[in-house]
Structure formats: structure tokens, C-alpha cells
file structure19.cif (mmCIF, C-alpha atoms)
data_upload
#
loop_
_atom_site.label_atom_id
_atom_site.label_comp_id
_atom_site.auth_asym_id
_atom_site.auth_seq_id
_atom_site.Cartn_x
_atom_site.Cartn_y
_atom_site.Cartn_z
CA MET A 1 -0.36 15.56 15.45
CA THR A 2 -0.32 12.78 12.84
CA ALA A 3 -3.50 11.88 11.02
CA THR A 4 -4.31 8.21 10.60
CA VAL A 5 -5.32 7.26 7.09
CA ALA A 6 -7.39 4.11 6.69
CA PRO A 7 -6.37 1.75 3.91
CA PRO A 8 -8.76 1.63 0.96
CA ASP A 9 -11.48 -1.00 0.96
CA ALA A 10 -11.73 -3.70 -1.73
CA VAL A 11 -14.21 -1.69 -3.81
CA ALA A 12 -11.92 1.36 -3.91
CA MET A 13 -8.92 -0.83 -4.75
CA ARG A 14 -10.78 -2.50 -7.63
CA GLU A 15 -11.90 0.90 -8.94
CA ALA A 16 -8.37 2.31 -8.87
CA MET A 17 -6.65 -0.81 -10.22
CA GLY A 18 -9.24 -1.04 -12.98
CA ARG A 19 -7.83 2.19 -14.36
CA PHE A 20 -4.60 0.33 -15.20
CA ALA A 21 -4.94 -1.24 -18.65
CA THR A 22 -3.40 -4.67 -18.92
CA GLY A 23 -2.97 -7.52 -21.32
CA VAL A 24 -4.90 -10.74 -20.88
CA THR A 25 -3.28 -14.16 -20.57
CA VAL A 26 -4.30 -17.74 -20.10
CA VAL A 27 -1.84 -19.52 -17.85
CA THR A 28 -1.72 -23.29 -18.34
CA THR A 29 -0.18 -26.23 -16.55
CA VAL A 30 -1.03 -29.86 -15.85
CA ASP A 31 -2.38 -31.53 -12.73
CA ALA A 32 -0.74 -34.50 -10.99
CA ASP A 33 -2.44 -36.87 -13.46
CA GLY A 34 -1.20 -34.94 -16.49
CA ARG A 35 -4.57 -33.36 -17.31
CA PRO A 36 -4.39 -29.82 -18.69
CA ALA A 37 -5.53 -26.94 -16.51
CA GLY A 38 -5.66 -23.23 -17.16
CA CYS A 39 -7.16 -19.94 -16.09
CA THR A 40 -7.37 -16.35 -17.26
CA ILE A 41 -4.87 -14.10 -15.52
CA SER A 42 -4.29 -10.40 -16.11
CA ALA A 43 -1.84 -10.07 -13.19
CA PHE A 44 1.20 -11.03 -15.23
CA CYS A 45 4.44 -9.17 -15.92
CA SER A 46 8.09 -9.42 -16.73
CA LEU A 47 10.23 -9.48 -13.60
CA SER A 48 13.80 -9.69 -14.90
CA LEU A 49 15.69 -9.97 -18.18
CA ASP A 50 18.81 -11.53 -16.64
CA PRO A 51 17.86 -14.13 -15.61
CA PRO A 52 14.64 -14.15 -17.63
CA LEU A 53 11.85 -14.19 -15.03
CA VAL A 54 8.12 -13.49 -15.18
CA LEU A 55 5.47 -13.52 -12.51
CA VAL A 56 1.80 -14.38 -12.38
CA CYS A 57 -0.49 -13.76 -9.44
CA VAL A 58 -3.32 -16.12 -8.56
CA GLY A 59 -5.75 -16.11 -5.65
CA HIS A 60 -5.02 -18.54 -2.82
CA GLY A 61 -8.56 -19.91 -3.01
CA ARG A 62 -8.37 -20.79 -6.69
CA ARG A 63 -7.77 -24.33 -7.90
CA MET A 64 -5.00 -22.97 -10.14
CA HIS A 65 -3.07 -21.80 -7.06
CA ALA A 66 -2.50 -25.36 -5.86
CA LEU A 67 -1.67 -26.55 -9.38
CA LEU A 68 0.90 -23.82 -10.05
CA ALA A 69 2.47 -24.29 -6.62
CA ALA A 70 2.96 -28.01 -7.30
CA ALA A 71 3.67 -28.16 -11.03
CA PRO A 72 7.25 -28.02 -12.29
CA GLY A 73 6.30 -25.49 -14.94
CA PHE A 74 3.64 -23.50 -16.71
CA ALA A 75 2.94 -21.60 -19.91
CA VAL A 76 1.68 -18.06 -20.32
CA ASN A 77 -0.44 -17.60 -23.45
CA VAL A 78 -0.71 -13.89 -24.28
CA LEU A 79 -4.13 -13.65 -25.89
CA ALA A 80 -4.76 -11.91 -29.20
CA ALA A 81 -7.39 -9.19 -29.61
CA HIS A 82 -9.77 -11.67 -31.27
CA GLN A 83 -9.64 -14.13 -28.31
CA ARG A 84 -12.20 -12.55 -25.95
CA ASP A 85 -14.18 -15.79 -25.94
CA VAL A 86 -11.07 -17.72 -24.81
CA ALA A 87 -10.44 -15.24 -21.99
CA THR A 88 -14.05 -15.52 -20.86
CA ALA A 89 -14.10 -19.34 -21.05
CA PHE A 90 -10.98 -19.68 -18.91
CA ALA A 91 -12.33 -17.17 -16.35
CA ARG A 92 -15.53 -19.14 -15.68
CA THR A 93 -16.11 -21.95 -13.22
CA PRO A 94 -14.28 -25.16 -14.05
CA HIS A 95 -15.47 -27.17 -16.99
CA ASP A 96 -13.54 -28.55 -19.94
CA ARG A 97 -12.03 -25.20 -20.85
CA PHE A 98 -9.92 -26.79 -23.58
CA ALA A 99 -12.89 -28.32 -25.44
CA GLY A 100 -12.90 -27.16 -29.04
CA LEU A 101 -9.63 -25.23 -28.73
CA ALA A 102 -6.64 -25.88 -30.94
CA THR A 103 -3.64 -26.40 -28.66
CA ARG A 104 -0.33 -28.18 -28.60
CA PRO A 105 1.75 -29.41 -25.69
CA GLY A 106 4.59 -27.24 -24.48
CA ARG A 107 7.23 -27.83 -21.82
CA ALA A 108 6.06 -30.01 -18.96
CA GLY A 109 2.79 -30.65 -20.81
CA ALA A 110 1.40 -27.12 -20.37
CA ARG A 111 -0.90 -26.35 -23.30
CA LEU A 112 -0.01 -23.67 -25.83
CA LEU A 113 -3.12 -22.04 -27.30
CA ASP A 114 -3.26 -21.49 -31.04
CA GLY A 115 -4.02 -17.90 -31.98
CA ALA A 116 -2.16 -16.33 -29.05
CA VAL A 117 0.32 -13.54 -29.86
CA ALA A 118 2.97 -15.06 -27.57
CA HIS A 119 3.79 -18.24 -25.68
CA ILE A 120 6.09 -17.94 -22.67
CA GLU A 121 7.13 -21.32 -21.26
CA CYS A 122 8.50 -21.39 -17.73
CA ASP A 123 9.90 -23.57 -15.03
CA ARG A 124 8.37 -22.71 -11.65
CA GLU A 125 11.10 -20.85 -9.79
CA THR A 126 9.34 -19.96 -6.54
CA VAL A 127 5.97 -19.14 -5.01
CA LEU A 128 5.76 -16.11 -2.74
CA ASP A 129 3.00 -14.85 -0.48
CA GLY A 130 1.17 -11.80 -1.78
CA GLY A 131 -1.70 -11.23 0.64
CA ASP A 132 -4.78 -12.99 -0.70
CA HIS A 133 -2.81 -14.02 -3.80
CA ALA A 134 0.31 -16.05 -4.48
CA ILE A 135 3.06 -14.62 -6.65
CA VAL A 136 4.32 -17.42 -8.87
CA VAL A 137 7.74 -16.66 -10.35
CA GLY A 138 8.70 -18.50 -13.50
CA LEU A 139 12.12 -18.93 -15.06
CA VAL A 140 11.51 -18.44 -18.77
CA ARG A 141 12.81 -21.34 -20.84
CA ALA A 142 11.24 -20.59 -24.23
CA VAL A 143 9.36 -17.76 -25.92
CA THR A 144 7.55 -17.65 -29.23
CA THR A 145 5.82 -14.61 -30.69
CA PHE A 146 3.25 -14.37 -33.46
CA PRO A 147 1.80 -11.51 -35.51
CA GLY A 148 -1.27 -9.76 -34.17
CA GLU A 149 -2.42 -7.35 -31.52
CA PRO A 150 -2.86 -8.29 -27.85
CA LEU A 151 -6.17 -8.44 -26.02
CA LEU A 152 -6.40 -5.51 -23.59
CA TYR A 153 -8.54 -5.09 -20.48
CA ALA A 154 -9.39 -2.14 -18.20
CA ARG A 155 -12.30 -1.05 -15.99
CA GLY A 156 -13.98 -4.44 -16.30
CA ALA A 157 -14.08 -4.45 -20.09
CA PHE A 158 -12.04 -5.57 -23.07
CA LEU A 159 -10.60 -2.69 -25.07
CA ASP A 160 -10.64 -2.24 -28.82
CA LEU A 161 -7.99 -0.24 -30.59
CA PRO A 162 -8.49 0.27 -34.31
CA GLY A 163 -5.63 -0.74 -36.61
CA PRO A 164 -4.48 2.87 -37.22
CA ALA A 165 -4.05 3.41 -33.45
CA TRP A 166 -1.81 0.34 -33.21
CA ASP A 167 0.12 1.50 -36.28
CA ARG A 168 0.71 4.95 -34.74
CA ALA A 169 1.84 3.42 -31.43
CA ALA A 170 4.22 0.99 -33.12
CA ALA A 171 5.68 3.68 -35.40
CA GLY A 172 7.37 5.37 -32.44
CA ALA A 173 8.64 2.19 -30.78
CA PRO A 174 10.88 1.50 -29.06
CA HIS A 175 10.52 4.43 -26.72
CA GLU A 176 14.15 4.98 -25.76
CA TRP A 177 13.26 7.31 -22.88
CA LEU A 178 11.59 4.39 -21.14
CA LEU A 179 14.37 1.92 -21.92
CA SER A 180 17.06 4.28 -20.62
CA ALA A 181 15.25 5.61 -17.53
CA PRO A 182 17.59 5.83 -14.51
CA TRP A 183 15.42 3.78 -12.19
#
call {"tool": "encode", "arguments": {"input": "structure19.cif", "output": "C-alpha cells"}}
result
Amino acid sequence: MTATVAPPDAVAMREAMGRFATGVTVVTTVDADGRPAGCTISAFCSLSLDPPLVLVCVGHGRRMHALLAAAPGFAVNVLAAHQRDVATAFARTPHDRFAGLATRPGRAGARLLDGAVAHIECDRETVLDGGDHAIVVGLVRAVTTFPGEPLLYARGAFLDLPGPAWDRAAAGAPHEWLLSAPW
């Protein structure tokens, strides 16, 4: 006899997924009239090195979903540890999220946020269905990195790592066992 296991509900999924620490990004693009748009996204990762691809996931019901699906490109701004206020501003209901922020235009007009630890500029490659989210794949056209530590998030909160913890982690990098894993 085979037991049927029910899939987890949304609360259980959020609880489990919240245990996975992630970086925090602001993904930017422009609307059809060339106005900047952006939102906070933690569902971001590298997909491939050859060709260089990344992916971001955005809810189907979000305004940013339609913008990313239509725009020729977008930018991923990897936020620095000191940019909690930026992450929070871009996660709230629409308003002029760019007011008071120092930015510059990137490829296709997507805004690059000053103070970020990395800018990843992409052409939109494809948009795939991912349940209640869309998976937006970007072909990376330019990357720029800056000194600083990334903003981290887990269990509904931003994480703080003191400087010595970052120094210890970086001292052992790169971790060759991970880079050479057989998978």
C-alpha cells in the first residue's frame, strides 16, 4: 500500500524557504514610456556561465512581471549590507521608488543604483512559467562589482555579519570542493 503525502501549504513552504539565506537585489527596467521601474527581488541566481545567464523570479500579479516580460532588458542591483532602506522602499507599494536615490542609466535605460556591490545588466532572453511566478532569464551583457558586503535575508529579517565573520569566510575562498563537485 502506498501512502499519499499532501503537498505543503503556503505557510509551511514560507517557513521552510525562509531558512535559506539569500542576497537581496533590486531589479530595474523601464516601462513602455521609458520611465524607470524596479522592485526588490531575493529570488535571483546565476543560471549558466557559458553562455552567461541569470534568472529572477517575479509574481504573475506584480506590475514588474508585465514590465520584465515586455522590456528588452533589465539590471540586477545586488544590494550592499547598508542598503536595507533601499530594499524596503522597493518592496513597498508603488510610489516614486527612485526619489532621492543616486542612480545612473544602464543598458536599455535600466537604472543602476549607487552603493550596490554589483550591477548585472541583461538582455531578456526568455520568460518561463513557474507556478504563481514567472522565471525571467537574462543574458548577461555587462557586470560591474564594487567593494563591500552584500545585504543578506533569511526568516523574514535582514542579517548582520560582523566584519571579522566576513573576513574569516573570505580567507578560505574559493572553496575548491564546491567548484569541482561532480554534479
call {"tool": "resolve_selection", "arguments": {"input": "structure19.cif", "expression": "the PyMOL selection byres ((chain A and resi 116-128) around 7)", "output": "CSV table (one decimal) with C-alpha atoms, in the coordinates of the input"}}
result
chain,number,residue,atom,x,y,z
A,69,ALA,CA,2.5,-24.3,-6.6
A,72,PRO,CA,7.2,-28.0,-12.3
A,73,GLY,CA,6.3,-25.5,-14.9
A,74,PHE,CA,3.6,-23.5,-16.7
A,75,ALA,CA,2.9,-21.6,-19.9
A,76,VAL,CA,1.7,-18.1,-20.3
A,77,ASN,CA,-0.4,-17.6,-23.4
A,78,VAL,CA,-0.7,-13.9,-24.3
A,79,LEU,CA,-4.1,-13.6,-25.9
A,80,ALA,CA,-4.8,-11.9,-29.2
A,107,ARG,CA,7.2,-27.8,-21.8
A,112,LEU,CA,0.0,-23.7,-25.8
A,113,LEU,CA,-3.1,-22.0,-27.3
A,114,ASP,CA,-3.3,-21.5,-31.0
A,115,GLY,CA,-4.0,-17.9,-32.0
A,129,ASP,CA,3.0,-14.8,-0.5
A,130,GLY,CA,1.2,-11.8,-1.8
A,134,ALA,CA,0.3,-16.0,-4.5
A,135,ILE,CA,3.1,-14.6,-6.6
A,136,VAL,CA,4.3,-17.4,-8.9
A,137,VAL,CA,7.7,-16.7,-10.4
A,138,GLY,CA,8.7,-18.5,-13.5
A,139,LEU,CA,12.1,-18.9,-15.1
A,140,VAL,CA,11.5,-18.4,-18.8
A,141,ARG,CA,12.8,-21.3,-20.8
A,142,ALA,CA,11.2,-20.6,-24.2
A,143,VAL,CA,9.4,-17.8,-25.9
A,144,THR,CA,7.6,-17.6,-29.2
A,145,THR,CA,5.8,-14.6,-30.7
A,146,PHE,CA,3.2,-14.4,-33.5
A,147,PRO,CA,1.8,-11.5,-35.5
A,148,GLY,CA,-1.3,-9.8,-34.2
A,149,GLU,CA,-2.4,-7.4,-31.5
A,150,PRO,CA,-2.9,-8.3,-27.8
call {"tool": "closest_atom_pairs", "arguments": {"input": "structure19.cif", "of": "region 2-59 of chain A", "to": "region 84-90 of chain A", "cutoff": "10 Å", "atoms": "only C-alpha atoms", "output": "JSON lines"}}
result
{"residue": "A:Val24", "atom": "CA", "partner": "A:Ala87", "partner_atom": "CA", "distance": 7.2}
{"residue": "A:Thr25", "atom": "CA", "partner": "A:Ala87", "partner_atom": "CA", "distance": 7.4}
{"residue": "A:Val26", "atom": "CA", "partner": "A:Ala87", "partner_atom": "CA", "distance": 6.9}
{"residue": "A:Val27", "atom": "CA", "partner": "A:Phe90", "partner_atom": "CA", "distance": 9.2}
{"residue": "A:Thr28", "atom": "CA", "partner": "A:Phe90", "partner_atom": "CA", "distance": 10.0}
{"residue": "A:Ala37", "atom": "CA", "partner": "A:Phe90", "partner_atom": "CA", "distance": 9.4}
{"residue": "A:Gly38", "atom": "CA", "partner": "A:Phe90", "partner_atom": "CA", "distance": 6.6}
{"residue": "A:Cys39", "atom": "CA", "partner": "A:Phe90", "partner_atom": "CA", "distance": 4.8}
{"residue": "A:Thr40", "atom": "CA", "partner": "A:Phe90", "partner_atom": "CA", "distance": 5.2}
{"residue": "A:Ile41", "atom": "CA", "partner": "A:Ala87", "partner_atom": "CA", "distance": 8.6}
{"residue": "A:Ser42", "atom": "CA", "partner": "A:Ala87", "partner_atom": "CA", "distance": 9.8}
call {"tool": "write_last_selection", "arguments": {"input": "structure19.cif", "atoms": "C-alpha atoms", "output": "mmCIF file, keeping the file's coordinate frame"}}
result
data_model
loop_
_atom_site.group_PDB
_atom_site.id
_atom_site.type_symbol
_atom_site.label_atom_id
_atom_site.label_comp_id
_atom_site.auth_asym_id
_atom_site.auth_seq_id
_atom_site.Cartn_x
_atom_site.Cartn_y
_atom_site.Cartn_z
ATOM 1 C CA VAL A 24 -4.900 -10.740 -20.880
ATOM 2 C CA THR A 25 -3.280 -14.160 -20.570
ATOM 3 C CA VAL A 26 -4.300 -17.740 -20.100
ATOM 4 C CA VAL A 27 -1.840 -19.520 -17.850
ATOM 5 C CA THR A 28 -1.720 -23.290 -18.340
ATOM 6 C CA ALA A 37 -5.530 -26.940 -16.510
ATOM 7 C CA GLY A 38 -5.660 -23.230 -17.160
ATOM 8 C CA CYS A 39 -7.160 -19.940 -16.090
ATOM 9 C CA THR A 40 -7.370 -16.350 -17.260
ATOM 10 C CA ILE A 41 -4.870 -14.100 -15.520
ATOM 11 C CA SER A 42 -4.290 -10.400 -16.110
#
call {"tool": "resolve_selection", "arguments": {"input": "structure19.cif", "expression": "the PyMOL selection byres ((chain A and resi 34) around 12)", "output": "list of chain:residue names"}}
result
A:Thr28, A:Thr29, A:Val30, A:Asp31, A:Ala32, A:Asp33, A:Arg35, A:Pro36, A:Ala37, A:Leu67, A:Ala71, A:Pro72, A:Pro105, A:Ala108, A:Gly109, A:Ala110, A:Arg111
call {"tool": "atom_distance", "arguments": {"input": "structure19.cif", "atom1": "CA of Met17 (chain A)", "atom2": "CA of Tyr153 (chain A)"}}
result
11.3 Å
call {"tool": "residues_around", "arguments": {"input": "structure19.cif", "residues": "region 157-166 of chain A", "least_positions_apart": "2", "cutoff": "10 Å", "atoms": "all atoms listed in the file", "output": "mmCIF file with C-alpha atoms, keeping the file's coordinate frame"}}
result
data_model
loop_
_atom_site.group_PDB
_atom_site.id
_atom_site.type_symbol
_atom_site.label_atom_id
_atom_site.label_comp_id
_atom_site.auth_asym_id
_atom_site.auth_seq_id
_atom_site.Cartn_x
_atom_site.Cartn_y
_atom_site.Cartn_z
ATOM 1 C CA GLY A 18 -9.240 -1.040 -12.980
ATOM 2 C CA ALA A 21 -4.940 -1.240 -18.650
ATOM 3 C CA THR A 22 -3.400 -4.670 -18.920
ATOM 4 C CA GLY A 23 -2.970 -7.520 -21.320
ATOM 5 C CA VAL A 24 -4.900 -10.740 -20.880
ATOM 6 C CA ALA A 81 -7.390 -9.190 -29.610
ATOM 7 C CA HIS A 82 -9.770 -11.670 -31.270
ATOM 8 C CA ARG A 84 -12.200 -12.550 -25.950
ATOM 9 C CA ALA A 87 -10.440 -15.240 -21.990
ATOM 10 C CA GLU A 149 -2.420 -7.350 -31.520
ATOM 11 C CA PRO A 150 -2.860 -8.290 -27.850
ATOM 12 C CA LEU A 151 -6.170 -8.440 -26.020
ATOM 13 C CA LEU A 152 -6.400 -5.510 -23.590
ATOM 14 C CA TYR A 153 -8.540 -5.090 -20.480
ATOM 15 C CA ALA A 154 -9.390 -2.140 -18.200
ATOM 16 C CA ARG A 155 -12.300 -1.050 -15.990
ATOM 17 C CA ARG A 168 0.710 4.950 -34.740
ATOM 18 C CA ALA A 169 1.840 3.420 -31.430
ATOM 19 C CA ALA A 170 4.220 0.990 -33.120
ATOM 20 C CA ALA A 171 5.680 3.680 -35.400
#
call {"tool": "atom_distance", "arguments": {"input": "structure19.cif", "atom1": "CA of Ala91 (chain A)", "atom2": "CA of Leu47 (chain A)"}}
result
24.0 Å
call {"tool": "atom_distance", "arguments": {"input": "structure19.cif", "atom1": "CA of His65 (chain A)", "atom2": "CA of His133 (chain A)"}}
result
8.4 Å
call {"tool": "closest_residue", "arguments": {"input": "structure19.cif", "among": "A:Gly156, A:Gly131, A:Arg92, A:Cys57", "to": "Cys45 (chain A)", "atoms": "only C-alpha atoms"}}
result
A:Cys57
call {"tool": "axis_aligned_box", "arguments": {"input": "structure19.cif", "around": "region 73-92 of chain A", "padding_each_side": "5 Å", "output": "AutoDock Vina command-line options"}}
result
--center_x -4.6 --center_y -17.3 --center_z -23.1 --size_x 31.8 --size_y 26.3 --size_z 26.3
call {"tool": "closest_residue", "arguments": {"input": "structure19.cif", "among": "A:Val5, A:Phe20, A:Arg97, A:Ala70", "to": "Ala43 (chain A)", "atoms": "all atoms listed in the file"}}
result
A:Phe20
call {"tool": "closest_residue", "arguments": {"input": "structure19.cif", "among": "A:Ala16, A:Arg104, A:Val11, A:Thr93", "to": "Met64 (chain A)", "atoms": "all atoms listed in the file"}}
result
A:Thr93
